[in-house]
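Report on the following structure.
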2 protein chains.
Amino acid sequence: MQSLDNSLEIASFTPYHIKQLPIDVSLNDASLTITWDDDHKSEFHYLWLRDNCHCSECIAQLTREQMFEICDVPLDIKPAEAYISDEHRLVITWDHQAHISHFHPGWLRSHCYSQASLDAKQWQPKIWDKARIQAELPKHQANDILQDDPSLLNWLKELRDYGLTLVEHVSTEPNSLVDVANRISFIRETNFGTIFNVQAKADANSAAYTDLRLPLHTDLPTRELQPGLQFLHCLVNDAAGGESILVDGFKIAQHMKEHYPDDFHSLSTFPMSFYNKDKHSDYRFRGTAIVTDSNHEVVEVRLANFLRGPIDVPAHQTVPLYQAYRRFIALTRDPQFQFFYRLNAGDLIVFDNRRVLHARNAFNLEKGYRHLQGCYVDRDELLSRIRVLERV
Amino acid sequence: MQSLDNSLEIASFTPYHIKQLPIDVSLNDASLTITWDDDHKSEFHYLWLRDNCHCSECIAQLTREQMFEICDVPLDIKPAEAYISDEHRLVITWDHQAHISHFHPGWLRSHCYSQASLDAKQWQPKIWDKARIQAELPKHQANDILQDDPSLLNWLKELRDYGLTLVEHVSTEPNSLVDVANRISFIRETNFGTIFNVQAKADANSAAYTDLRLPLHTDLPTRELQPGLQFLHCLVNDAAGGESILVDGFKIAQHMKEHYPDDFHSLSTFPMSFYNKDKHSDYRFRGTAIVTDSNHEVVEVRLANFLRGPIDVPAHQTVPLYQAYRRFIALTRDPQFQFFYRLNAGDLIVFDNRRVLHARNAFNLEKGYRHLQGCYVDRDELLSRIRVLERV
């Protein structure tokens with residue numbers, strides 16, 4: 001449809017296409033209501049509109065950051081005049097200092113905060129059990145990701161939505177996972193370095209670096225911000241055993257919420273403690289095993305039995321928390337939720353470490369060597385990269 | 001006082017000194033109660049005690065991580081026998097598999113979760129206004145921090161408690177702040193790099209890189225985890241203006257909670273959006289300006305007017321959120337809370353970026369050059385370093 005020159009008024013790199021046109025504006029006490037040509041109505045508060053003025057006096061043109069501060073106008077600021085212009089813009093002349101604001105219809109509609117618009121913008125993850133992920137596991141080829149931006153975007157959106165993808169035919173040269181990770185952004189460093197080598201070693205400071213079975217867990221629950229994406233790249237896997245097991249923690253949380261709401265409440269309300277100590281570090285974090293956002297949606301799971309510290313909630317919460325925790329663990333052990341995958345040389349699994357629990361069977365090095373490399377990239381970088389690739 | 005050989009049973013690098021002795025144990029339905037020689041009583045639940053068994057069957061001796069999983073015993077596990085040994089240990093023989101657990105009295109007492117013990121462990125920040133920080137600003141010398149561990153520990157504890165310290169006589173060679181930061185741990189990388197240079201530049205992608213006034217803010221509220229510690233090291237400051245202004249966000253939040261509880265509620269409950277877009281990145285985060293933990297204590301402030309995106313809460317929350325936000329900003333502008341400091345060459349201010357808001361006056365380069373370098377280290381690394389240095 002119609003598009004306007006927005007170079008002056010839109011302080012954004014994101015293009016806002018015009019799909020609907022405003023046809024009427026009516027003024028209320030503290031807000032106005034726009035009626036659009038598809039009959040949708042948007043209420044915008046005067047404070048909100050004044051705050052979002054995009055003129056060159058309010059926004060620094062060089063940095064595209066706001067210079068104006070909403071504190072500096074009266075709380076009851078109102079339009080002296082408001083109309084829809086011939087170019088379909090909302091134009092307001094304010095009663096304070098006769099400042100004039102123009103609002104581009106594409107920008108305005110895309111920022112409507114009616115409940116229907118907010119609901120439509122809510123991200124919907126693709127939550128999976130074993131059957132679904134076996135049928136739908138997103139598989140991508142390393143070369144496509146490395147060389148082609150649309151393929152990269154396609155991979156990243158599946159990674160965001162499923163929380164698990166397989167990248168095939170990655171070079172088995174050590175550190176090759178960095179090239180793939182850097183297609184998103186920089187790597188998140190931890191006290192285990194930027195790249196970690198998963199192989200059995202004598203001075204292991206983590207169960208990951210032994211040949212032992214690892215129960216289902218998220219990595220680094222001992223950090224306030226658990227790493228977002230985890231990359232696990234298989235260079236060699238000639239040992240017996242060592243299969244990877246993956247479980248969608250969002251599925252477990254959803255199942256708990258439906259069938260055991262009291263346990264869901266305990267696990268999303270009472271914090272657990274996670275400790276990771278070695279000679280040179282002593283990381284601890286206290287947080288809930290299930291994290292929900294302000295819309296009550298599950299956004300994170302935090303769990304590693306071998307890194308739990310002593311529970312330290314008030315006495316009356318102790319048994320309910322143990323009950324809920326045991327329920328969660330029991331569900332993760334249910335085969336209907338467990339996806340098994342044996343990594344072969346050149347395979348790279350990338351998953352959302354704050355959502356997908358991973359485990360590994362014990363392995364036996366008598367039959368051959370096993371060497372994986374891993375690294376982390378945070379969710380912020382994933383989402384930023386998707387937004388930039390989606391700018392068209 | 002008395003200390004026991006704890007090499008076998010304490011899977012920890014932390015020493016637990018024995019200050020009180022258990023003198024009695026009585027069994028309840030789901031817990032037991034220890035009476036100590038100072039009359040304190042500790043209730044420990046059976047599940048909790050079984051979960052925290054430190055024997056070499058339950059804990060991997062190499063990694064000091066737990067192998068045992070609390071899911072694998074009955075929910076109603078009970079002691080068949082429990083007593084205080086001649087060595088002052090709590091000894092339990094469990095009714096399940098006749099497993100035996102020994103609990104060191106120093107470890108046990110320090111993990112008591114009675115409400116009194118939990119309250120005593122609650123961290124108490126030293127919250128400041130202008131008068132307090134002018135009188136008490138912690139000052140440390142770079143050489144002491146670089147060369148001496150007790151001095152380092154002293155600095156880090158003051159940094160944790162005040163959220164602001166001044167390090168004097170840092171070399172004015174570029175990148176010297178790295179040596180100081182690395183005394184804590186690695187530097188947190190962002191899309192602005194590991195070290196950022198604060199100087200006016202032509203292609204500024206942030207207001208920080210202009211000569212403009214910067215209003216009070218936290219850095220990178222656009223990231224899910226705002227950087228914890230911010231280091232700002234002054235190499236040259238011959239320009240006119242450019243004074244630093246620092247405000248304790250915890251003080252503002254405390255003041256709001258006392259005097260404007262409705263505004264405090266809005267700001268700690270309704271999320272705001274923060275955006276940072278440039279040609280190559282598009283970071284966004286939606287979170288509350290005041291963050292509280294499960295004890296309702298303020299643990300974080302998130303605020304930068306020039307990085308706010310359009311508010312996108314449901315319509316009925318819009319005006320209350322603006323009111324609360326305006327109140328908060330108005331308080332940060334109150335001189336009783338503002339600490340002014342003009343950085344001189346060799347000065348390094350280190351502050352908790354998730355607590356202390358910082359601002360800068362506009363400056364004028366006609367009279368001379370101004371060059372600061374900055375970097376970030378997260379709170380996890382600060383707290384880990386303090387715990388390791390406190391191991392004695």
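For the structure tokens, the naming scheme is as follows: chains receive sequential letters (A, B, ...) according to their order of presentation, residues are indexed from 1 within each chain, and ligands are indexed from 1 in presentation order.
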
Practice task
Assign secondary structure with DSSP using the backbone only, and return the residues of range 80-246 of chain B in alpha helix (DSSP H) as a PyMOL selection string.
Solution key: chain B and resi 105-110+115-121+130-136+142-147+149-162+176-181

Exercise for the section: Dump as a ChimeraX atom specification the residues of chain A that approach chain B to within 6 Å, counting only C-alpha atoms. Expected result: /A:63,65-66,71,113,205-206,281-283,306,312,326,384

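Note that CA of Lys121 in chain A and CA of Ser266 in chain B are 22.5 Å apart.
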
Practice task
With a distance cut-off of 7 Å and only C-alpha atoms, select the neighbouring residues of Thr172 in chain B, excluding the residue or stretch itself and same-chain residues fewer than 2 positions from it, and output the selection as a ChimeraX atom specification.
Solution key: /B:170,174,176,235,345-346

Grab the residues selected above and save them as a PDB file, in the first residue's frame with N, CA, C and O atoms.
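out-v8.pdb, written as the output of this step:
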```pdb
ATOM      1  N   VAL B 170      45.251   5.674  39.301  1.00  0.00           N
ATOM      2  CA  VAL B 170      45.352   4.643  38.262  1.00  0.00           C
ATOM      3  C   VAL B 170      46.217   5.225  37.148  1.00  0.00           C
ATOM      4  O   VAL B 170      46.079   6.407  36.804  1.00  0.00           O
ATOM      5  N   PRO B 174      46.383   4.283  28.328  1.00  0.00           N
ATOM      6  CA  PRO B 174      45.127   3.668  27.878  1.00  0.00           C
ATOM      7  C   PRO B 174      45.062   2.181  28.283  1.00  0.00           C
ATOM      8  O   PRO B 174      46.094   1.494  28.336  1.00  0.00           O
ATOM      9  N   SER B 176      44.495   0.873  31.139  1.00  0.00           N
ATOM     10  CA  SER B 176      44.933   0.538  32.497  1.00  0.00           C
ATOM     11  C   SER B 176      43.768   0.061  33.363  1.00  0.00           C
ATOM     12  O   SER B 176      43.967  -0.663  34.341  1.00  0.00           O
ATOM     13  N   LEU B 235      41.272   9.482  31.567  1.00  0.00           N
ATOM     14  CA  LEU B 235      42.643   9.607  31.058  1.00  0.00           C
ATOM     15  C   LEU B 235      43.023  11.081  30.923  1.00  0.00           C
ATOM     16  O   LEU B 235      44.143  11.464  31.234  1.00  0.00           O
ATOM     17  N   ALA B 345      42.340  13.250  35.725  1.00  0.00           N
ATOM     18  CA  ALA B 345      43.168  12.209  35.111  1.00  0.00           C
ATOM     19  C   ALA B 345      43.696  11.273  36.206  1.00  0.00           C
ATOM     20  O   ALA B 345      44.207  11.734  37.232  1.00  0.00           O
ATOM     21  N   GLY B 346      43.540   9.970  36.002  1.00  0.00           N
ATOM     22  CA  GLY B 346      43.996   8.990  36.986  1.00  0.00           C
ATOM     23  C   GLY B 346      42.904   8.527  37.925  1.00  0.00           C
ATOM     24  O   GLY B 346      43.085   7.552  38.659  1.00  0.00           O
TER      25      GLY B 346
END
```

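With CA of Ile127 in chain B on one side and CA of Leu220 in chain B on the other, the separation reads 22.7 Å.
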
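By chain and then residue number, the residues within 8 Å of Thr93 in chain A are Pro79, Ala80, Glu81, Ala82, Ala98, His99, Ile100 and Ser101 of chain A, counting only C-alpha atoms and disregarding those fewer than 3 positions away in sequence.
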
Excluding Ile195 in chain B and any residue of its chain fewer than 6 positions from it, enumerate the residues within 12 Å of it, using only C-alpha atoms, and give them as a tab-separated table (two decimals) with all heavy atoms, in the first residue's frame.
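Contents of the output file part.tsv:
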```tsv
chain	number	residue	atom	x	y	z
B	174	PRO	N	46.38	4.28	28.33
B	174	PRO	CA	45.13	3.67	27.88
B	174	PRO	C	45.06	2.18	28.28
B	174	PRO	O	46.09	1.49	28.34
B	174	PRO	CB	45.18	3.81	26.35
B	174	PRO	CG	46.03	5.03	26.13
B	174	PRO	CD	47.06	5.00	27.23
B	175	ASN	N	43.86	1.72	28.59
B	175	ASN	CA	43.55	0.33	28.95
B	175	ASN	C	44.02	-0.08	30.35
B	175	ASN	O	43.92	-1.25	30.72
B	175	ASN	CB	44.11	-0.67	27.92
B	175	ASN	CG	43.55	-0.40	26.52
B	175	ASN	OD1	42.56	0.34	26.39
B	175	ASN	ND2	44.15	-0.98	25.52
B	176	SER	N	44.49	0.87	31.14
B	176	SER	CA	44.93	0.54	32.50
B	176	SER	C	43.77	0.06	33.36
B	176	SER	O	43.97	-0.66	34.34
B	176	SER	CB	45.60	1.75	33.17
B	176	SER	OG	46.79	2.07	32.51
B	177	LEU	N	42.56	0.44	33.02
B	177	LEU	CA	41.42	-0.02	33.83
B	177	LEU	C	41.25	-1.53	33.75
B	177	LEU	O	40.67	-2.13	34.66
B	177	LEU	CB	40.13	0.71	33.43
B	177	LEU	CG	39.34	0.22	32.21
B	177	LEU	CD1	37.99	0.93	32.14
B	177	LEU	CD2	40.12	0.44	30.94
B	178	VAL	N	41.78	-2.15	32.70
B	178	VAL	CA	41.65	-3.60	32.56
B	178	VAL	C	42.37	-4.31	33.70
B	178	VAL	O	41.88	-5.31	34.24
B	178	VAL	CB	42.20	-4.08	31.20
B	178	VAL	CG1	42.18	-5.60	31.09
B	178	VAL	CG2	41.40	-3.45	30.06
B	181	ALA	N	40.10	-4.12	36.66
B	181	ALA	CA	38.91	-4.96	36.47
B	181	ALA	C	39.27	-6.45	36.59
B	181	ALA	O	38.53	-7.23	37.20
B	181	ALA	CB	38.26	-4.67	35.12
B	186	PHE	N	36.91	-11.56	34.55
B	186	PHE	CA	36.88	-11.15	33.14
B	186	PHE	C	35.88	-10.00	32.95
B	186	PHE	O	34.99	-9.79	33.76
B	186	PHE	CB	36.52	-12.34	32.24
B	186	PHE	CG	35.19	-12.96	32.55
B	186	PHE	CD1	34.02	-12.49	31.97
B	186	PHE	CD2	35.10	-14.03	33.45
B	186	PHE	CE1	32.79	-13.06	32.27
B	186	PHE	CE2	33.87	-14.60	33.76
B	186	PHE	CZ	32.72	-14.10	33.17
B	187	ILE	N	36.04	-9.30	31.84
B	187	ILE	CA	35.20	-8.16	31.49
B	187	ILE	C	33.99	-8.65	30.69
B	187	ILE	O	34.12	-9.56	29.88
B	187	ILE	CB	36.03	-7.15	30.68
B	187	ILE	CG1	37.07	-6.50	31.61
B	187	ILE	CG2	35.15	-6.09	30.01
B	187	ILE	CD1	38.05	-5.60	30.90
B	188	ARG	N	32.85	-8.06	30.95
B	188	ARG	CA	31.68	-8.42	30.15
B	188	ARG	C	31.67	-7.67	28.83
B	188	ARG	O	31.66	-6.44	28.80
B	188	ARG	CB	30.40	-8.08	30.93
B	188	ARG	CG	29.19	-8.05	30.02
B	188	ARG	CD	27.94	-8.46	30.65
B	188	ARG	NE	26.80	-8.12	29.82
B	188	ARG	CZ	25.59	-7.87	30.29
B	188	ARG	NH1	25.37	-7.92	31.59
B	188	ARG	NH2	24.60	-7.59	29.48
B	189	GLU	N	31.63	-8.42	27.75
B	189	GLU	CA	31.59	-7.82	26.42
B	189	GLU	C	30.16	-7.39	26.07
B	189	GLU	O	29.19	-8.02	26.49
B	189	GLU	CB	32.09	-8.85	25.40
B	189	GLU	CG	32.22	-8.29	23.99
B	189	GLU	CD	32.92	-9.25	23.02
B	189	GLU	OE1	33.42	-10.31	23.46
B	189	GLU	OE2	32.96	-8.92	21.82
B	230	GLN	N	30.12	-0.82	36.65
B	230	GLN	CA	30.66	0.00	35.57
B	230	GLN	C	31.94	0.66	36.05
B	230	GLN	O	32.00	1.23	37.15
B	230	GLN	CB	29.66	1.07	35.15
B	230	GLN	CG	30.22	1.98	34.08
B	230	GLN	CD	29.18	2.79	33.32
B	230	GLN	OE1	29.54	3.61	32.50
B	230	GLN	NE2	27.91	2.56	33.58
B	231	PHE	N	32.98	0.57	35.22
B	231	PHE	CA	34.26	1.23	35.47
B	231	PHE	C	34.33	2.44	34.54
B	231	PHE	O	34.13	2.30	33.33
B	231	PHE	CB	35.42	0.29	35.11
B	231	PHE	CG	35.59	-0.87	36.05
B	231	PHE	CD1	34.61	-1.84	36.18
B	231	PHE	CD2	36.75	-0.99	36.82
B	231	PHE	CE1	34.77	-2.91	37.05
B	231	PHE	CE2	36.91	-2.05	37.70
B	231	PHE	CZ	35.93	-3.02	37.82
B	232	LEU	N	34.63	3.62	35.08
B	232	LEU	CA	34.85	4.80	34.24
B	232	LEU	C	36.18	5.43	34.65
B	232	LEU	O	36.32	5.95	35.76
B	232	LEU	CB	33.72	5.82	34.40
B	232	LEU	CG	32.50	5.65	33.49
B	232	LEU	CD1	31.49	6.76	33.76
B	232	LEU	CD2	32.87	5.64	32.01
B	233	HIS	N	37.12	5.36	33.77
B	233	HIS	CA	38.51	5.76	34.05
B	233	HIS	C	38.83	7.01	33.25
B	233	HIS	O	38.69	7.03	32.03
B	233	HIS	CB	39.43	4.60	33.65
B	233	HIS	CG	40.88	4.91	33.81
B	233	HIS	ND1	41.84	4.40	32.97
B	233	HIS	CD2	41.54	5.67	34.72
B	233	HIS	CE1	43.03	4.83	33.35
B	233	HIS	NE2	42.88	5.60	34.40
B	372	LEU	N	37.54	9.41	28.45
B	372	LEU	CA	37.31	8.40	29.49
B	372	LEU	C	37.30	7.03	28.82
B	372	LEU	O	36.93	6.91	27.65
B	372	LEU	CB	35.94	8.61	30.15
B	372	LEU	CG	35.84	9.55	31.36
B	372	LEU	CD1	36.41	10.92	31.08
B	372	LEU	CD2	34.40	9.67	31.82
B	373	GLN	N	37.70	6.02	29.57
B	373	GLN	CA	37.51	4.64	29.11
B	373	GLN	C	36.63	3.91	30.11
B	373	GLN	O	36.73	4.14	31.32
B	373	GLN	CB	38.85	3.92	28.98
B	373	GLN	CG	39.67	4.40	27.79
B	373	GLN	CD	40.84	3.48	27.51
B	373	GLN	OE1	41.56	3.09	28.43
B	373	GLN	NE2	41.03	3.11	26.25
B	374	GLY	N	35.81	3.04	29.60
B	374	GLY	CA	34.91	2.30	30.49
B	374	GLY	C	34.87	0.82	30.16
B	374	GLY	O	35.27	0.39	29.07
B	375	CYS	N	34.43	0.04	31.13
B	375	CYS	CA	34.16	-1.38	30.89
B	375	CYS	C	33.19	-1.87	31.96
B	375	CYS	O	32.88	-1.13	32.90
B	375	CYS	CB	35.45	-2.21	30.89
B	375	CYS	SG	36.25	-2.36	32.49
B	376	TYR	N	32.71	-3.09	31.79
B	376	TYR	CA	31.73	-3.66	32.72
B	376	TYR	C	32.21	-5.01	33.26
B	376	TYR	O	32.86	-5.78	32.56
B	376	TYR	CB	30.40	-3.93	32.00
B	376	TYR	CG	29.80	-2.74	31.29
B	376	TYR	CD1	29.65	-2.74	29.91
B	376	TYR	CD2	29.36	-1.63	32.01
B	376	TYR	CE1	29.06	-1.66	29.25
B	376	TYR	CE2	28.78	-0.55	31.35
B	376	TYR	CZ	28.63	-0.57	29.97
B	376	TYR	OH	28.06	0.49	29.32
B	377	VAL	N	31.86	-5.28	34.51
B	377	VAL	CA	32.05	-6.61	35.11
B	377	VAL	C	30.73	-6.92	35.83
B	377	VAL	O	30.17	-6.02	36.47
B	377	VAL	CB	33.22	-6.61	36.12
B	377	VAL	CG1	33.27	-7.93	36.89
B	377	VAL	CG2	34.55	-6.35	35.44
```

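Pairwise distance (CA of Asp76 in chain A, CA of Pro261 in chain B) equals 21.3 Å.
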
Problem - Ala253 in chain A environment, 8 Å, only C-alpha atoms, sequence neighbours closer than 5 positions dropped, as a PyMOL selection string - result: chain A and resi 264+290+298+328

Exercise for the section: Mind checking which residues fall within 12 Å of Gly163 in chain B, counting only C-alpha atoms, ignoring those fewer than 5 positions away in the same chain, and posting them as a ChimeraX atom specification? Expected result: /B:124-128,133,137-138,155-158,228-231,246-251,299-300,349-358,379,382

Exercise for the section: Just list the residues in range 82-148 of chain B DSSP gives strand (DSSP E or B) on the backbone, as a PyMOL selection string. Expected result: chain B and resi 82-84+90-94+100-103+139-141
